>>> print(open('protein_4.csv').read())   # CSV, C-alpha atoms and all ligand atoms
chain,number,residue,atom,x,y,z
C,1,MET,CA,96.9,84.9,95.5
C,2,ASN,CA,97.8,86.8,98.6
C,3,ILE,CA,100.4,89.5,98.6
C,4,ILE,CA,102.4,89.4,101.9
C,5,ASP,CA,102.4,93.1,102.7
C,6,GLY,CA,105.6,94.1,104.4
C,7,LYS,CA,104.3,97.6,104.9
C,8,ILE,CA,101.2,96.5,106.9
C,9,ILE,CA,103.1,93.9,109.0
C,10,SER,CA,106.0,96.3,109.7
C,11,GLU,CA,103.6,99.0,110.7
C,12,GLN,CA,101.9,96.6,113.1
C,13,ILE,CA,105.2,95.7,114.7
C,14,LYS,CA,106.2,99.3,115.0
C,15,THR,CA,102.9,100.1,116.8
C,16,GLU,CA,103.7,97.4,119.3
C,17,ILE,CA,107.3,98.6,119.8
C,18,ALA,CA,106.1,102.2,120.2
C,19,ALA,CA,103.7,101.0,123.0
C,20,GLU,CA,106.7,99.3,124.8
C,21,VAL,CA,108.8,102.4,124.5
C,22,ARG,CA,106.0,104.5,126.1
C,23,LYS,CA,105.9,102.0,128.9
C,24,MET,CA,109.7,102.2,129.4
C,25,ILE,CA,109.5,106.0,129.5
C,26,ALA,CA,106.5,105.9,132.0
C,27,ASP,CA,108.7,103.7,134.2
C,28,GLY,CA,111.4,106.4,134.2
C,29,LYS,CA,113.7,104.6,131.8
C,30,ASN,CA,115.5,106.0,128.8
C,31,PRO,CA,114.1,105.1,125.3
C,32,PRO,CA,116.2,102.6,123.4
C,33,HIS,CA,119.1,104.1,121.5
C,34,LEU,CA,120.3,102.8,118.1
C,35,ALA,CA,123.5,104.1,116.4
C,36,ALA,CA,124.5,103.4,112.8
C,37,ILE,CA,127.9,103.9,111.2
C,38,LEU,CA,127.7,104.7,107.5
C,39,VAL,CA,131.0,104.7,105.5
C,40,GLY,CA,131.0,106.2,102.1
C,41,GLU,CA,128.1,107.4,99.9
C,42,ASP,CA,126.5,104.3,98.4
C,43,PRO,CA,123.1,105.5,97.4
C,44,ALA,CA,121.2,102.3,98.5
C,45,SER,CA,123.0,102.4,101.9
C,46,GLN,CA,122.1,106.0,102.4
C,47,THR,CA,118.4,105.2,101.7
C,48,TYR,CA,118.4,102.3,104.1
C,49,VAL,CA,120.1,104.2,106.9
C,50,ALA,CA,117.8,107.2,106.5
C,51,SER,CA,114.9,104.8,106.7
C,52,LYS,CA,116.3,103.2,109.8
C,53,GLU,CA,116.6,106.6,111.4
C,54,ARG,CA,113.0,107.5,110.4
C,55,SER,CA,111.7,104.3,111.9
C,56,CYS,CA,113.6,105.0,115.1
C,57,LYS,CA,111.8,108.3,115.4
C,58,GLU,CA,108.4,106.7,114.6
C,59,VAL,CA,108.7,104.3,117.6
C,60,GLY,CA,110.3,106.8,120.0
C,61,PHE,CA,113.9,105.5,119.9
C,62,THR,CA,116.9,107.8,120.1
C,63,SER,CA,119.1,107.4,117.0
C,64,SER,CA,122.5,108.6,116.0
C,65,ILE,CA,124.2,108.3,112.6
C,66,TYR,CA,128.0,108.5,112.3
C,67,ARG,CA,128.9,109.3,108.7
C,68,TYR,CA,132.5,108.8,107.4
C,69,PRO,CA,134.1,109.2,104.0
C,70,ALA,CA,134.8,106.2,101.9
C,71,THR,CA,138.5,107.0,102.3
C,72,MET,CA,138.3,106.3,106.0
C,73,SER,CA,141.0,103.8,107.1
C,74,GLU,CA,140.2,100.4,108.7
C,75,ALA,CA,142.0,101.6,111.9
C,76,GLU,CA,139.8,104.7,112.1
C,77,LEU,CA,136.6,102.6,111.7
C,78,LEU,CA,137.8,100.2,114.4
C,79,LYS,CA,138.3,103.3,116.6
C,80,ALA,CA,134.7,104.5,115.9
C,81,ILE,CA,133.4,101.0,116.8
C,82,GLU,CA,135.4,101.0,120.0
C,83,PHE,CA,133.9,104.3,120.9
C,84,LEU,CA,130.3,102.9,120.5
C,85,ASN,CA,131.2,99.7,122.3
C,86,ASN,CA,132.0,101.8,125.3
C,87,ASP,CA,129.3,104.5,125.0
C,88,ASP,CA,126.8,103.7,127.8
C,89,GLU,CA,124.2,105.9,126.1
C,90,VAL,CA,124.0,103.5,123.1
C,91,ASP,CA,122.1,100.2,123.5
C,92,GLY,CA,123.0,98.8,120.1
C,93,PHE,CA,124.7,99.8,116.9
C,94,ILE,CA,125.3,98.6,113.3
C,95,VAL,CA,127.9,99.2,110.7
C,96,GLN,CA,125.9,99.5,107.4
C,97,LEU,CA,127.3,97.1,104.8
C,98,PRO,CA,128.9,97.1,102.3
C,99,VAL,CA,132.0,98.9,103.6
C,100,PRO,CA,134.7,100.0,101.1
C,101,LYS,CA,137.0,97.3,99.7
C,102,HIS,CA,140.1,98.3,101.7
C,103,ILE,CA,138.3,97.5,104.9
C,104,SER,CA,137.9,93.9,106.1
C,105,VAL,CA,134.2,93.1,106.9
C,106,ASP,CA,135.1,90.2,109.1
C,107,LYS,CA,137.4,92.3,111.2
C,108,ILE,CA,134.7,95.0,111.6
C,109,ILE,CA,132.0,92.6,112.6
C,110,GLU,CA,134.3,90.8,115.1
C,111,SER,CA,135.2,94.1,116.7
C,112,ILE,CA,131.6,94.9,117.7
C,113,ASN,CA,130.7,94.0,121.2
C,114,PRO,CA,128.2,91.1,120.8
C,115,LYS,CA,126.0,92.7,123.4
C,116,LYS,CA,125.5,95.7,121.2
C,117,ASP,CA,125.5,93.7,117.9
C,118,VAL,CA,121.8,94.3,117.0
C,119,ASP,CA,122.5,93.2,113.5
C,120,GLY,CA,123.3,89.7,114.9
C,121,PHE,CA,126.3,89.4,112.6
C,122,HIS,CA,129.0,88.8,115.2
C,123,PRO,CA,130.2,85.1,115.3
C,124,ILE,CA,129.1,85.0,119.0
C,125,ASN,CA,125.5,85.8,118.0
C,126,ALA,CA,125.6,83.6,115.0
C,127,GLY,CA,127.0,80.7,117.1
C,128,ARG,CA,124.4,81.3,119.9
C,129,MET,CA,121.7,81.2,117.3
C,130,MET,CA,123.0,77.9,116.0
C,131,ALA,CA,122.9,76.5,119.5
C,132,SER,CA,119.4,77.9,120.1
C,133,LEU,CA,120.7,80.1,122.9
C,134,PRO,CA,119.4,83.7,123.4
C,135,SER,CA,120.9,85.9,120.7
C,136,TYR,CA,120.2,88.8,118.4
C,137,LEU,CA,118.8,87.2,115.3
C,138,PRO,CA,120.1,88.7,112.0
C,139,ALA,CA,117.5,91.2,110.9
C,140,THR,CA,116.6,89.9,107.5
C,141,PRO,CA,116.1,86.2,108.5
C,142,TYR,CA,114.2,87.4,111.6
C,143,GLY,CA,112.0,89.6,109.5
C,144,ILE,CA,111.2,86.7,107.1
C,145,MET,CA,110.2,84.5,110.1
C,146,GLN,CA,107.9,87.2,111.4
C,147,MET,CA,106.4,87.8,108.0
C,148,LEU,CA,105.5,84.1,107.7
C,149,GLU,CA,104.2,83.9,111.2
C,150,ARG,CA,102.1,87.0,111.0
C,151,SER,CA,100.7,85.9,107.7
C,152,ASN,CA,99.7,82.5,109.3
C,153,ILE,CA,101.7,80.6,106.7
C,154,GLU,CA,102.1,77.0,107.9
C,155,THR,CA,105.8,76.0,108.0
C,156,GLU,CA,105.8,72.7,109.9
C,157,GLY,CA,106.7,69.7,107.7
C,158,LYS,CA,106.8,71.9,104.7
C,159,HIS,CA,109.6,71.8,102.2
C,160,CYS,CA,111.4,75.1,102.3
C,161,VAL,CA,114.0,75.8,99.5
C,162,VAL,CA,116.5,78.6,100.2
C,163,LEU,CA,118.3,80.1,97.2
C,164,GLY,CA,121.6,81.5,98.5
C,165,ARG,CA,124.0,80.7,101.3
C,166,SER,CA,125.3,84.0,102.5
C,167,ASN,CA,126.3,84.5,106.1
C,168,ILE,CA,123.6,87.2,106.6
C,169,VAL,CA,120.6,85.7,104.9
C,170,GLY,CA,120.7,82.2,103.2
C,171,THR,CA,122.6,80.3,105.9
C,172,PRO,CA,120.8,81.8,109.0
C,173,VAL,CA,117.3,81.6,107.5
C,174,SER,CA,117.9,77.9,106.7
C,175,VAL,CA,118.8,77.3,110.4
C,176,LEU,CA,115.7,79.2,111.6
C,177,MET,CA,113.3,77.5,109.3
C,178,SER,CA,114.6,74.0,110.3
C,179,ARG,CA,114.6,74.6,114.0
C,180,ASN,CA,112.4,72.6,116.3
C,181,SER,CA,110.2,75.6,117.3
C,182,LYS,CA,106.8,77.1,116.7
C,183,ASN,CA,106.5,78.6,113.2
C,184,ALA,CA,109.5,76.7,112.0
C,185,ASN,CA,110.0,72.9,111.7
C,186,ALA,CA,110.3,73.0,108.0
C,187,THR,CA,112.4,70.6,105.9
C,188,VAL,CA,115.1,72.8,104.3
C,189,THR,CA,117.1,72.6,101.2
C,190,ILE,CA,119.8,75.2,100.5
C,191,CYS,CA,120.6,75.8,96.8
C,192,HIS,CA,123.6,77.8,95.5
C,193,SER,CA,125.8,78.4,92.5
C,194,LYS,CA,127.0,74.8,92.3
C,195,THR,CA,123.5,73.3,92.7
C,196,LYS,CA,122.6,71.0,89.8
C,197,ASN,CA,119.0,70.9,88.5
C,198,LEU,CA,118.1,74.0,90.4
C,199,ALA,CA,114.7,74.4,88.9
C,200,GLU,CA,113.8,70.8,89.7
C,201,ILE,CA,114.5,71.5,93.3
C,202,THR,CA,112.8,74.9,93.5
C,203,ARG,CA,109.7,73.3,91.9
C,204,GLN,CA,109.4,71.1,95.0
C,205,ALA,CA,109.3,74.1,97.4
C,206,ASP,CA,106.2,74.8,99.4
C,207,ILE,CA,108.1,77.8,100.6
C,208,LEU,CA,110.8,79.4,98.4
C,209,ILE,CA,113.1,82.0,99.8
C,210,ALA,CA,115.0,83.8,97.1
C,211,ALA,CA,118.2,85.4,98.4
C,212,ILE,CA,120.5,84.8,95.4
C,213,GLY,CA,121.2,88.5,94.5
C,214,LYS,CA,120.3,88.2,90.8
C,215,PRO,CA,117.5,90.4,89.5
C,216,LEU,CA,114.4,88.5,88.3
C,217,PHE,CA,116.3,85.2,88.7
C,218,VAL,CA,113.2,83.1,89.8
C,219,THR,CA,110.9,82.6,86.9
C,220,ALA,CA,107.4,81.1,86.8
C,221,ASP,CA,108.6,77.7,85.5
C,222,MET,CA,110.7,77.3,88.7
C,223,VAL,CA,107.8,77.6,91.1
C,224,LYS,CA,105.2,75.0,92.1
C,225,GLU,CA,101.5,76.0,91.8
C,226,GLY,CA,100.3,77.3,95.2
C,227,ALA,CA,103.8,77.9,96.7
C,228,THR,CA,104.7,80.7,99.1
C,229,VAL,CA,107.5,82.9,97.7
C,230,ILE,CA,109.6,85.2,99.8
C,231,ASP,CA,111.8,87.7,97.7
C,232,VAL,CA,114.9,88.9,99.6
C,233,GLY,CA,116.6,90.5,96.6
C,234,ILE,CA,116.6,94.2,96.0
C,235,HIS,CA,118.1,95.7,92.9
C,236,ARG,CA,118.1,99.1,91.2
C,237,VAL,CA,117.6,98.5,87.5
C,238,ALA,CA,117.4,101.2,84.8
C,239,SER,CA,113.9,102.1,83.8
C,240,PRO,CA,112.5,104.7,81.4
C,241,ASP,CA,109.2,104.7,83.3
C,242,THR,CA,110.3,106.4,86.5
C,243,LYS,CA,111.5,109.9,87.3
C,244,SER,CA,114.6,108.6,89.0
C,245,GLY,CA,115.6,106.6,86.0
C,246,PHE,CA,115.6,103.3,87.9
C,247,LYS,CA,113.2,101.0,89.6
C,248,LEU,CA,113.4,98.4,92.3
C,249,VAL,CA,113.1,94.7,91.4
C,250,GLY,CA,113.7,91.6,93.5
C,251,ASP,CA,115.2,88.2,92.8
C,252,VAL,CA,111.8,87.0,91.6
C,253,ASP,CA,110.0,87.8,88.4
C,254,PHE,CA,107.0,89.0,90.3
C,255,ALA,CA,104.7,89.6,87.3
C,256,ASN,CA,104.7,86.0,86.2
C,257,VAL,CA,105.5,84.1,89.5
C,258,SER,CA,102.7,85.8,91.4
C,259,LYS,CA,100.1,84.2,89.0
C,260,LYS,CA,101.2,80.8,90.2
C,261,CYS,CA,101.7,81.1,94.0
C,262,SER,CA,99.4,81.3,97.0
C,263,ASN,CA,101.5,83.9,98.8
C,264,ILE,CA,104.3,86.2,97.6
C,265,SER,CA,106.2,89.1,99.1
C,266,PRO,CA,106.7,92.1,96.8
C,267,VAL,CA,109.8,94.3,96.2
C,268,PRO,CA,109.6,97.0,97.3
C,269,GLY,CA,107.2,96.7,100.2
C,270,GLY,CA,108.3,93.3,101.5
C,271,VAL,CA,111.4,91.9,103.2
C,272,GLY,CA,113.3,95.2,103.3
C,273,LEU,CA,110.7,96.8,105.5
C,274,MET,CA,110.8,93.7,107.8
C,275,THR,CA,114.6,94.0,108.1
C,276,ILE,CA,114.2,97.4,109.5
C,277,VAL,CA,111.6,96.5,112.1
C,278,SER,CA,113.7,93.5,113.2
C,279,LEU,CA,116.6,95.8,113.8
C,280,LEU,CA,114.2,97.9,116.0
C,281,GLU,CA,113.1,94.7,117.9
C,282,ASN,CA,116.7,93.8,118.6
C,283,THR,CA,117.5,97.3,119.8
C,284,LEU,CA,114.5,97.1,122.1
C,285,LYS,CA,115.8,93.8,123.4
C,286,ALA,CA,119.2,95.3,123.9
C,287,ALA,CA,117.8,98.2,125.9
C,288,LYS,CA,115.7,95.8,128.1
C,289,LYS,CA,118.8,93.5,128.4
C,290,GLU,CA,116.6,90.5,127.3
C,291,VAL,CA,119.4,88.7,125.5
C,292,TYR,CA,122.5,89.6,127.6
C,293,LYS,CA,122.6,90.9,131.1
C,301,LIG,N1,124.9,96.2,108.7
C,301,LIG,N2,124.0,96.2,106.5
C,301,LIG,C1,123.8,96.0,107.8
C,301,LIG,N3,122.7,95.6,108.3
C,301,LIG,C2,121.6,95.4,107.5
C,301,LIG,O1,120.5,94.9,107.9
C,301,LIG,C3,121.8,95.7,106.1
C,301,LIG,N4,120.7,95.6,105.2
C,301,LIG,C4,121.0,95.1,103.8
C,301,LIG,C5,122.2,96.0,103.3
C,301,LIG,N5,123.2,96.2,104.3
C,301,LIG,C6,123.0,96.1,105.6
C,301,LIG,C7,119.7,96.4,105.1
C,301,LIG,O2,119.4,97.2,106.0
C,301,LIG,C8,119.7,95.3,103.1
C,301,LIG,N6,119.0,96.2,104.0
C,301,LIG,C9,117.8,96.9,103.6
C,301,LIG,C10,117.1,97.7,104.5
C,301,LIG,C11,116.0,98.4,104.1
C,301,LIG,C12,115.4,98.2,102.9
C,301,LIG,C13,116.1,97.3,102.0
C,301,LIG,C14,117.3,96.7,102.4
C,301,LIG,C15,114.2,98.9,102.5
C,301,LIG,O3,113.8,99.8,103.1
C,301,LIG,N7,113.6,98.6,101.3
C,301,LIG,C16,112.4,99.3,100.8
C,301,LIG,C17,112.7,100.1,99.6
C,301,LIG,C18,113.8,101.1,99.9
C,301,LIG,C19,114.3,101.9,98.6
C,301,LIG,O4,113.5,102.7,98.1
C,301,LIG,O5,115.4,101.6,98.2
C,301,LIG,C20,111.4,98.2,100.4
C,301,LIG,O6,110.2,98.6,100.3
C,301,LIG,O7,111.8,97.1,100.1
>>> encode(input="protein_4.csv", output="structure tokens")
Amino acid sequence: MNIIDGKIISEQIKTEIAAEVRKMIADGKNPPHLAAILVGEDPASQTYVASKERSCKEVGFTSSIYRYPATMSEAELLKAIEFLNNDDEVDGFIVQLPVPKHISVDKIIESINPKKDVDGFHPINAGRMMASLPSYLPATPYGIMQMLERSNIETEGKHCVVLGRSNIVGTPVSVLMSRNSKNANATVTICHSKTKNLAEITRQADILIAAIGKPLFVTADMVKEGATVIDVGIHRVASPDTKSGFKLVGDVDFANVSKKCSNISPVPGGVGLMTIVSLLENTLKAAKKEVYK
């Protein structure tokens, strides 16, 4: 059994990005600049945004974080977005999700200039992805594709079962896995809350992508011997064994599932780290105007 090491793969990609940034600077260009808007004090969001900032530093990007209280109004957030849409110093930016309940996520996402939407969440980018046009790919699906590619996991003709149909993971990763392109060409089945005989379907998966948002949902009996399992879930669950009082687990019961599969991505140390480097890659593309002129 091989553990797909998100730490090693993400470090590799960061080294490649850092080399590109050095080249840009040598050519007299500015380094890429990523901005992040963080609303409220959700502990997980704070960790992720801090990690994004640290990663920017590692590769030589400029980064800015705009922090606002959870009480910020939707109108104020739209104003902050408009400011970044028009800030020529910023190549790309994100609004870290979730946002407080009184703010409409859809409105927020649609207000981001698609050219700066390095999360790839804007409907223009989602639509362009669907049409196989140049676009920013959503960071988590993009990270999963890179993880499979860089681990030399065969996808062509394989049965890929995706658990979950969210706009930001399940749906886009299904599209990417089924595309007619190198390192894709899989036959994809999407499962969700209304799926009948779920385990029967997951047991047919050569590649199982778990993005269902339920801790330890995927158990060993749901997985075929020798399958590749990608765990997208990340949950903080209470634990007496750690100083912090919690530990991180994924959507997959790693201890038991790992005994059966040929490749598995761990949590922590898997998809989360890939999500961050994919965001860096999109920001590099934004700075180089590779997707939009
Ligand atoms: N706008 N909101 C926007 N873009 C995103 O791409 C995200 N996402 C998801 C939540 N909201 C977002 C992230 O950044 C999830 N996510 C994310 C990013 C990083 C990590 C996990 C999820 C990560 O670094 N995971 C580490 C452990 C970190 C920890 O200690 O909590 C890992 O090893 O998995």
>>> residues_near_ligand(input="protein_4.csv", ligand="ligand LIG 301 (chain C)", cutoff="8 Å", atoms="all atoms listed in the file", output="ChimeraX atom specification")
/C:6-7,44-45,47-49,51-52,94-98,119,121,138-140,234,236,248,266-276,279
>>> write_last_selection(input="protein_4.csv", atoms="C-alpha atoms", output="PDB file, in the frame of the given file")
ATOM      1  CA  GLY C   6     105.600  94.100 104.400  1.00  0.00           C
ATOM      2  CA  LYS C   7     104.300  97.600 104.900  1.00  0.00           C
ATOM      3  CA  ALA C  44     121.200 102.300  98.500  1.00  0.00           C
ATOM      4  CA  SER C  45     123.000 102.400 101.900  1.00  0.00           C
ATOM      5  CA  THR C  47     118.400 105.200 101.700  1.00  0.00           C
ATOM      6  CA  TYR C  48     118.400 102.300 104.100  1.00  0.00           C
ATOM      7  CA  VAL C  49     120.100 104.200 106.900  1.00  0.00           C
ATOM      8  CA  SER C  51     114.900 104.800 106.700  1.00  0.00           C
ATOM      9  CA  LYS C  52     116.300 103.200 109.800  1.00  0.00           C
ATOM     10  CA  ILE C  94     125.300  98.600 113.300  1.00  0.00           C
ATOM     11  CA  VAL C  95     127.900  99.200 110.700  1.00  0.00           C
ATOM     12  CA  GLN C  96     125.900  99.500 107.400  1.00  0.00           C
ATOM     13  CA  LEU C  97     127.300  97.100 104.800  1.00  0.00           C
ATOM     14  CA  PRO C  98     128.900  97.100 102.300  1.00  0.00           C
ATOM     15  CA  ASP C 119     122.500  93.200 113.500  1.00  0.00           C
ATOM     16  CA  PHE C 121     126.300  89.400 112.600  1.00  0.00           C
ATOM     17  CA  PRO C 138     120.100  88.700 112.000  1.00  0.00           C
ATOM     18  CA  ALA C 139     117.500  91.200 110.900  1.00  0.00           C
ATOM     19  CA  THR C 140     116.600  89.900 107.500  1.00  0.00           C
ATOM     20  CA  ILE C 234     116.600  94.200  96.000  1.00  0.00           C
ATOM     21  CA  ARG C 236     118.100  99.100  91.200  1.00  0.00           C
ATOM     22  CA  LEU C 248     113.400  98.400  92.300  1.00  0.00           C
ATOM     23  CA  PRO C 266     106.700  92.100  96.800  1.00  0.00           C
ATOM     24  CA  VAL C 267     109.800  94.300  96.200  1.00  0.00           C
ATOM     25  CA  PRO C 268     109.600  97.000  97.300  1.00  0.00           C
ATOM     26  CA  GLY C 269     107.200  96.700 100.200  1.00  0.00           C
ATOM     27  CA  GLY C 270     108.300  93.300 101.500  1.00  0.00           C
ATOM     28  CA  VAL C 271     111.400  91.900 103.200  1.00  0.00           C
ATOM     29  CA  GLY C 272     113.300  95.200 103.300  1.00  0.00           C
ATOM     30  CA  LEU C 273     110.700  96.800 105.500  1.00  0.00           C
ATOM     31  CA  MET C 274     110.800  93.700 107.800  1.00  0.00           C
ATOM     32  CA  THR C 275     114.600  94.000 108.100  1.00  0.00           C
ATOM     33  CA  ILE C 276     114.200  97.400 109.500  1.00  0.00           C
ATOM     34  CA  LEU C 279     116.600  95.800 113.800  1.00  0.00           C
TER      35      LEU C 279
END
>>> closest_residue(input="protein_4.csv", among="C:Ala227, C:Leu280, C:Leu38, C:Val249", to="Val59 in chain C", atoms="all atoms listed in the file")
C:Leu280
>>> residues_around(input="protein_4.csv", residues="Leu176 in chain C", least_positions_apart="2", cutoff="12 Å", atoms="all atoms listed in the file", output="ChimeraX atom specification")
/C:126,129-132,137-138,140-146,148,155-156,160,162,169-174,178-188
>>> closest_residue(input="protein_4.csv", among="C:Ile25, C:Met222, C:Ile81, C:Ile108", to="Asn197 in chain C", atoms="all atoms listed in the file")
C:Met222
>>> atom_distance(input="protein_4.csv", atom1="CA of Ile112 in chain C", atom2="CA of Asn85 in chain C")
6.7 Å
>>> atom_distance(input="protein_4.csv", atom1="CA of Val252 in chain C", atom2="CA of Gln12 in chain C")
25.5 Å
>>> residues_around(input="protein_4.csv", residues="range 228-231 of chain C", least_positions_apart="3", cutoff="7 Å", atoms="all atoms listed in the file", output="NGL selection string")
:C and (206-211 or 250-252 or 261-266 or 271)
